[in-house]
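Chemist: This is protein-v4.json, which holds JSON, N, CA and C atoms:
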```json
[["chain", "number", "residue", "atom", "x", "y", "z"],
["S", 239, "MET", "N", 79.42, 78.58, 81.34],
["S", 239, "MET", "CA", 79.40, 77.23, 81.86],
["S", 239, "MET", "C", 80.85, 76.78, 82.07],
["S", 240, "SER", "N", 81.22, 76.36, 83.27],
["S", 240, "SER", "CA", 82.58, 75.93, 83.54],
["S", 240, "SER", "C", 82.79, 74.52, 82.99],
["S", 241, "ALA", "N", 84.06, 74.10, 82.97],
["S", 241, "ALA", "CA", 84.39, 72.76, 82.43],
["S", 241, "ALA", "C", 83.71, 71.66, 83.24],
["S", 242, "ASP", "N", 83.53, 71.88, 84.54],
["S", 242, "ASP", "CA", 82.89, 70.88, 85.38],
["S", 242, "ASP", "C", 81.41, 70.73, 85.06],
["S", 243, "GLN", "N", 80.79, 71.77, 84.48],
["S", 243, "GLN", "CA", 79.37, 71.74, 84.18],
["S", 243, "GLN", "C", 79.09, 71.49, 82.70],
["S", 244, "SER", "N", 80.12, 71.35, 81.91],
["S", 244, "SER", "CA", 79.94, 71.12, 80.48],
["S", 244, "SER", "C", 79.22, 69.79, 80.27],
["S", 245, "PRO", "N", 78.39, 69.74, 79.25],
["S", 245, "PRO", "CA", 77.70, 68.47, 78.98],
["S", 245, "PRO", "C", 78.69, 67.40, 78.52],
["S", 246, "ILE", "N", 78.38, 66.17, 78.83],
["S", 246, "ILE", "CA", 79.21, 65.06, 78.37],
["S", 246, "ILE", "C", 78.84, 64.79, 76.92],
["S", 247, "ARG", "N", 79.86, 64.69, 76.08],
["S", 247, "ARG", "CA", 79.65, 64.45, 74.65],
["S", 247, "ARG", "C", 80.42, 63.20, 74.23],
["S", 248, "GLU", "N", 80.01, 62.68, 73.11],
["S", 248, "GLU", "CA", 80.73, 61.54, 72.56],
["S", 248, "GLU", "C", 81.81, 62.05, 71.60],
["S", 249, "TYR", "N", 83.02, 61.58, 71.81],
["S", 249, "TYR", "CA", 84.13, 61.87, 70.92],
["S", 249, "TYR", "C", 84.50, 60.58, 70.21],
["S", 250, "THR", "N", 84.83, 60.71, 68.95],
["S", 250, "THR", "CA", 85.21, 59.58, 68.11],
["S", 250, "THR", "C", 86.67, 59.77, 67.73],
["S", 251, "GLY", "N", 87.36, 58.68, 67.50],
["S", 251, "GLY", "CA", 88.74, 58.86, 67.10],
["S", 251, "GLY", "C", 89.42, 57.58, 66.69],
["S", 252, "LEU", "N", 90.70, 57.73, 66.43],
["S", 252, "LEU", "CA", 91.57, 56.61, 66.07],
["S", 252, "LEU", "C", 92.88, 56.77, 66.82],
["S", 253, "ILE", "N", 93.49, 55.64, 67.17],
["S", 253, "ILE", "CA", 94.83, 55.66, 67.75],
["S", 253, "ILE", "C", 95.66, 54.62, 67.03],
["S", 254, "TRP", "N", 96.87, 55.02, 66.68],
["S", 254, "TRP", "CA", 97.79, 54.10, 66.01],
["S", 254, "TRP", "C", 98.92, 53.78, 66.98],
["S", 255, "ILE", "N", 99.06, 52.50, 67.30],
["S", 255, "ILE", "CA", 100.10, 52.04, 68.22],
["S", 255, "ILE", "C", 101.12, 51.25, 67.41],
["S", 256, "ASP", "N", 102.34, 51.74, 67.41],
["S", 256, "ASP", "CA", 103.42, 51.15, 66.63],
["S", 256, "ASP", "C", 103.00, 51.08, 65.16],
["S", 257, "ASP", "N", 103.21, 49.96, 64.51],
["S", 257, "ASP", "CA", 102.86, 49.82, 63.09],
["S", 257, "ASP", "C", 101.54, 49.09, 62.89],
["S", 258, "ASN", "N", 100.75, 48.96, 63.95],
["S", 258, "ASN", "CA", 99.47, 48.27, 63.86],
["S", 258, "ASN", "C", 98.41, 49.16, 63.22],
["S", 259, "PRO", "N", 97.38, 48.56, 62.64],
["S", 259, "PRO", "CA", 96.28, 49.36, 62.09],
["S", 259, "PRO", "C", 95.64, 50.20, 63.19],
["S", 260, "GLY", "N", 95.05, 51.30, 62.79],
["S", 260, "GLY", "CA", 94.41, 52.19, 63.76],
["S", 260, "GLY", "C", 93.27, 51.51, 64.50],
["S", 261, "ILE", "N", 93.15, 51.82, 65.79],
["S", 261, "ILE", "CA", 92.07, 51.31, 66.63],
["S", 261, "ILE", "C", 91.02, 52.41, 66.73],
["S", 262, "ARG", "N", 89.77, 52.08, 66.43],
["S", 262, "ARG", "CA", 88.68, 53.05, 66.54],
["S", 262, "ARG", "C", 88.33, 53.27, 68.00],
["S", 263, "LEU", "N", 88.03, 54.52, 68.35],
["S", 263, "LEU", "CA", 87.70, 54.89, 69.72],
["S", 263, "LEU", "C", 86.36, 55.59, 69.80],
["S", 264, "ARG", "N", 85.70, 55.41, 70.90],
["S", 264, "ARG", "CA", 84.52, 56.20, 71.25],
["S", 264, "ARG", "C", 84.67, 56.53, 72.72],
["S", 265, "ILE", "N", 84.71, 57.81, 73.05],
["S", 265, "ILE", "CA", 84.97, 58.26, 74.41],
["S", 265, "ILE", "C", 83.90, 59.26, 74.82],
["S", 266, "LEU", "N", 83.39, 59.14, 76.02],
["S", 266, "LEU", "CA", 82.49, 60.13, 76.58],
["S", 266, "LEU", "C", 83.32, 61.05, 77.46],
["S", 267, "ALA", "N", 83.25, 62.36, 77.18],
["S", 267, "ALA", "CA", 84.04, 63.33, 77.93],
["S", 267, "ALA", "C", 83.37, 64.69, 77.85],
["S", 268, "ARG", "N", 83.82, 65.60, 78.71],
["S", 268, "ARG", "CA", 83.27, 66.96, 78.74],
["S", 268, "ARG", "C", 84.00, 67.91, 77.79],
["S", 269, "SER", "N", 85.20, 67.50, 77.34],
["S", 269, "SER", "CA", 85.97, 68.35, 76.43],
["S", 269, "SER", "C", 86.94, 67.49, 75.63],
["S", 270, "LEU", "N", 87.49, 68.08, 74.59],
["S", 270, "LEU", "CA", 88.48, 67.38, 73.77],
["S", 270, "LEU", "C", 89.71, 67.05, 74.61],
["S", 271, "ASP", "N", 90.12, 67.99, 75.47],
["S", 271, "ASP", "CA", 91.29, 67.75, 76.33],
["S", 271, "ASP", "C", 91.05, 66.56, 77.26],
["S", 272, "GLU", "N", 89.85, 66.50, 77.84],
["S", 272, "GLU", "CA", 89.51, 65.38, 78.73],
["S", 272, "GLU", "C", 89.50, 64.06, 77.95],
["S", 273, "ALA", "N", 88.95, 64.07, 76.75],
["S", 273, "ALA", "CA", 88.92, 62.86, 75.92],
["S", 273, "ALA", "C", 90.34, 62.40, 75.60],
["S", 274, "THR", "N", 91.21, 63.33, 75.22],
["S", 274, "THR", "CA", 92.60, 63.00, 74.91],
["S", 274, "THR", "C", 93.31, 62.44, 76.14],
["S", 275, "THR", "N", 93.12, 63.07, 77.28],
["S", 275, "THR", "CA", 93.73, 62.61, 78.53],
["S", 275, "THR", "C", 93.29, 61.19, 78.86],
["S", 276, "ASN", "N", 92.00, 60.90, 78.68],
["S", 276, "ASN", "CA", 91.49, 59.56, 78.97],
["S", 276, "ASN", "C", 92.09, 58.51, 78.04],
["S", 277, "VAL", "N", 92.27, 58.84, 76.78],
["S", 277, "VAL", "CA", 92.88, 57.91, 75.83],
["S", 277, "VAL", "C", 94.34, 57.64, 76.22],
["S", 278, "ILE", "N", 95.06, 58.69, 76.59],
["S", 278, "ILE", "CA", 96.46, 58.52, 77.00],
["S", 278, "ILE", "C", 96.55, 57.67, 78.26],
["S", 279, "LYS", "N", 95.62, 57.87, 79.20],
["S", 279, "LYS", "CA", 95.61, 57.05, 80.41],
["S", 279, "LYS", "C", 95.40, 55.57, 80.08],
["S", 280, "GLU", "N", 94.54, 55.30, 79.10],
["S", 280, "GLU", "CA", 94.22, 53.91, 78.76],
["S", 280, "GLU", "C", 95.29, 53.24, 77.91],
["S", 281, "TYR", "N", 95.85, 53.96, 76.93],
["S", 281, "TYR", "CA", 96.76, 53.35, 75.97],
["S", 281, "TYR", "C", 98.22, 53.75, 76.15],
["S", 282, "GLY", "N", 98.49, 54.74, 76.98],
["S", 282, "GLY", "CA", 99.85, 55.22, 77.17],
["S", 282, "GLY", "C", 100.17, 56.39, 76.25],
["S", 283, "ASP", "N", 101.26, 57.05, 76.55],
["S", 283, "ASP", "CA", 101.66, 58.25, 75.81],
["S", 283, "ASP", "C", 102.58, 57.88, 74.64],
["S", 284, "GLY", "N", 102.66, 58.75, 73.66],
["S", 284, "GLY", "CA", 103.59, 58.57, 72.55],
["S", 284, "GLY", "C", 102.99, 57.95, 71.30],
["S", 285, "HIS", "N", 101.68, 57.78, 71.26],
["S", 285, "HIS", "CA", 101.02, 57.22, 70.08],
["S", 285, "HIS", "C", 100.38, 58.35, 69.26],
["S", 286, "VAL", "N", 100.13, 58.08, 68.01],
["S", 286, "VAL", "CA", 99.41, 59.04, 67.16],
["S", 286, "VAL", "C", 97.92, 58.89, 67.47],
["S", 287, "ILE", "N", 97.29, 60.01, 67.85],
["S", 287, "ILE", "CA", 95.88, 59.99, 68.23],
["S", 287, "ILE", "C", 95.14, 61.06, 67.44],
["S", 288, "SER", "N", 93.98, 60.71, 66.94],
["S", 288, "SER", "CA", 93.09, 61.66, 66.28],
["S", 288, "SER", "C", 91.71, 61.53, 66.92],
["S", 289, "ILE", "N", 91.23, 62.62, 67.52],
["S", 289, "ILE", "CA", 89.93, 62.59, 68.21],
["S", 289, "ILE", "C", 89.13, 63.81, 67.77],
["S", 290, "TRP", "N", 87.83, 63.61, 67.57],
["S", 290, "TRP", "CA", 86.95, 64.70, 67.20],
["S", 290, "TRP", "C", 85.55, 64.44, 67.72],
["S", 291, "SER", "N", 84.77, 65.48, 67.75],
["S", 291, "SER", "CA", 83.35, 65.38, 68.11],
["S", 291, "SER", "C", 82.54, 65.64, 66.85],
["S", 292, "GLU", "N", 81.70, 64.70, 66.48],
["S", 292, "GLU", "CA", 80.86, 64.89, 65.29],
["S", 292, "GLU", "C", 79.98, 66.14, 65.45],
["S", 293, "GLU", "N", 79.53, 66.38, 66.68],
["S", 293, "GLU", "CA", 78.71, 67.58, 66.95],
["S", 293, "GLU", "C", 79.48, 68.85, 66.63],
["S", 294, "ASP", "N", 80.72, 68.92, 67.07],
["S", 294, "ASP", "CA", 81.56, 70.11, 66.79],
["S", 294, "ASP", "C", 81.88, 70.20, 65.31],
["S", 295, "ALA", "N", 82.15, 69.06, 64.69],
["S", 295, "ALA", "CA", 82.53, 69.05, 63.28],
["S", 295, "ALA", "C", 81.41, 69.53, 62.37],
["S", 296, "SER", "N", 80.17, 69.34, 62.79],
["S", 296, "SER", "CA", 79.05, 69.72, 61.93],
["S", 296, "SER", "C", 78.61, 71.17, 62.13],
["S", 297, "ARG", "N", 79.17, 71.87, 63.10],
["S", 297, "ARG", "CA", 78.80, 73.28, 63.34],
["S", 297, "ARG", "C", 79.42, 74.18, 62.30],
["S", 298, "ALA", "N", 78.71, 75.23, 61.96],
["S", 298, "ALA", "CA", 79.23, 76.23, 61.04],
["S", 298, "ALA", "C", 80.38, 76.96, 61.69],
["S", 299, "ARG", "N", 81.37, 77.31, 60.91],
["S", 299, "ARG", "CA", 82.56, 78.00, 61.45],
["S", 299, "ARG", "C", 82.51, 79.46, 61.14]]
```
What do you get writing this file as structure tokens?
Modeler:
Amino acid sequence: MSADQSPIREYTGLIWIDDNPGIRLRILARSLDEATTNVIKEYGDGHVISIWSEEDASRAR
């Protein structure tokens, strides 16, 4: 399955801008890279960002 055909998933995360408390995020994207890119587009570059998919996190490794 190519990236264009990947299912859209919900990604959860936090972004810290300057010294402010972290802002909770929920992003729909086809990949972690796409989710990260969308957050950077919305909030700008240079912030601390943590993004994950609960679906991926619960899979056995």
Chemist: Find the residues around Ala273 in chain S up to 8 Å (all atoms listed in the file counted), leave out those fewer than 6 positions away in its own chain, and share them as a PyMOL selection string.
Modeler: chain S and resi 249+265-267+279+289
Chemist: What gap, in Å, lies between CA of Trp254 in chain S and atom N of Glu280 in chain S?
Modeler: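 We find that CA of Trp254 in chain S and atom N of Glu280 in chain S lie 13.5 Å from each other.
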Chemist: Using Å and a single decimal, report how far atom N of Ile255 in chain S sits from CA of Glu293 in chain S.
Modeler: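 If I compute the distance from CA of Glu293 in chain S to atom N of Ile255 in chain S, I get 25.3 Å.
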Chemist: Assign secondary structure with DSSP using the backbone only, and return the residues of range 247-288 of chain S in strand (DSSP E) as a ChimeraX atom specification.
Modeler: /S:247-254,261-267,286-288
Chemist: Could you tell me how far CA of Ile246 in chain S lies from CA of Ser269 in chain S, in Å and to one decimal?
Modeler: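 Computing it gives 7.8 Å between the two atoms.
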Chemist: Using only N, CA and C atoms, which of the listed residues (S:Ser244, S:Asp256, S:Arg262, S:Gly251) sits closest to Gly284 in chain S?
Modeler: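 Of all the options, S:Asp256 lies closest to Gly284 in chain S.
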Chemist: For a quick check of understanding, using all atoms listed in the file, which of S:Glu248, S:Gln243, S:Ile253, S:Asp271 has the smallest distance to Val286 in chain S?
Modeler: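 Result for the nearest residue to Val286 in chain S: S:Ile253.
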Chemist: Using 4 Å of padding on each side, determine the axis-aligned box around all atoms of range 270-276 of chain S present in the file and give its centre and edge lengths in Å to one decimal, as lines of an AutoDock Vina configuration file.
Modeler:
```
center_x = 90.6
center_y = 63.3
center_z = 76.4
size_x = 14.2
size_y = 17.6
size_z = 13.2
```
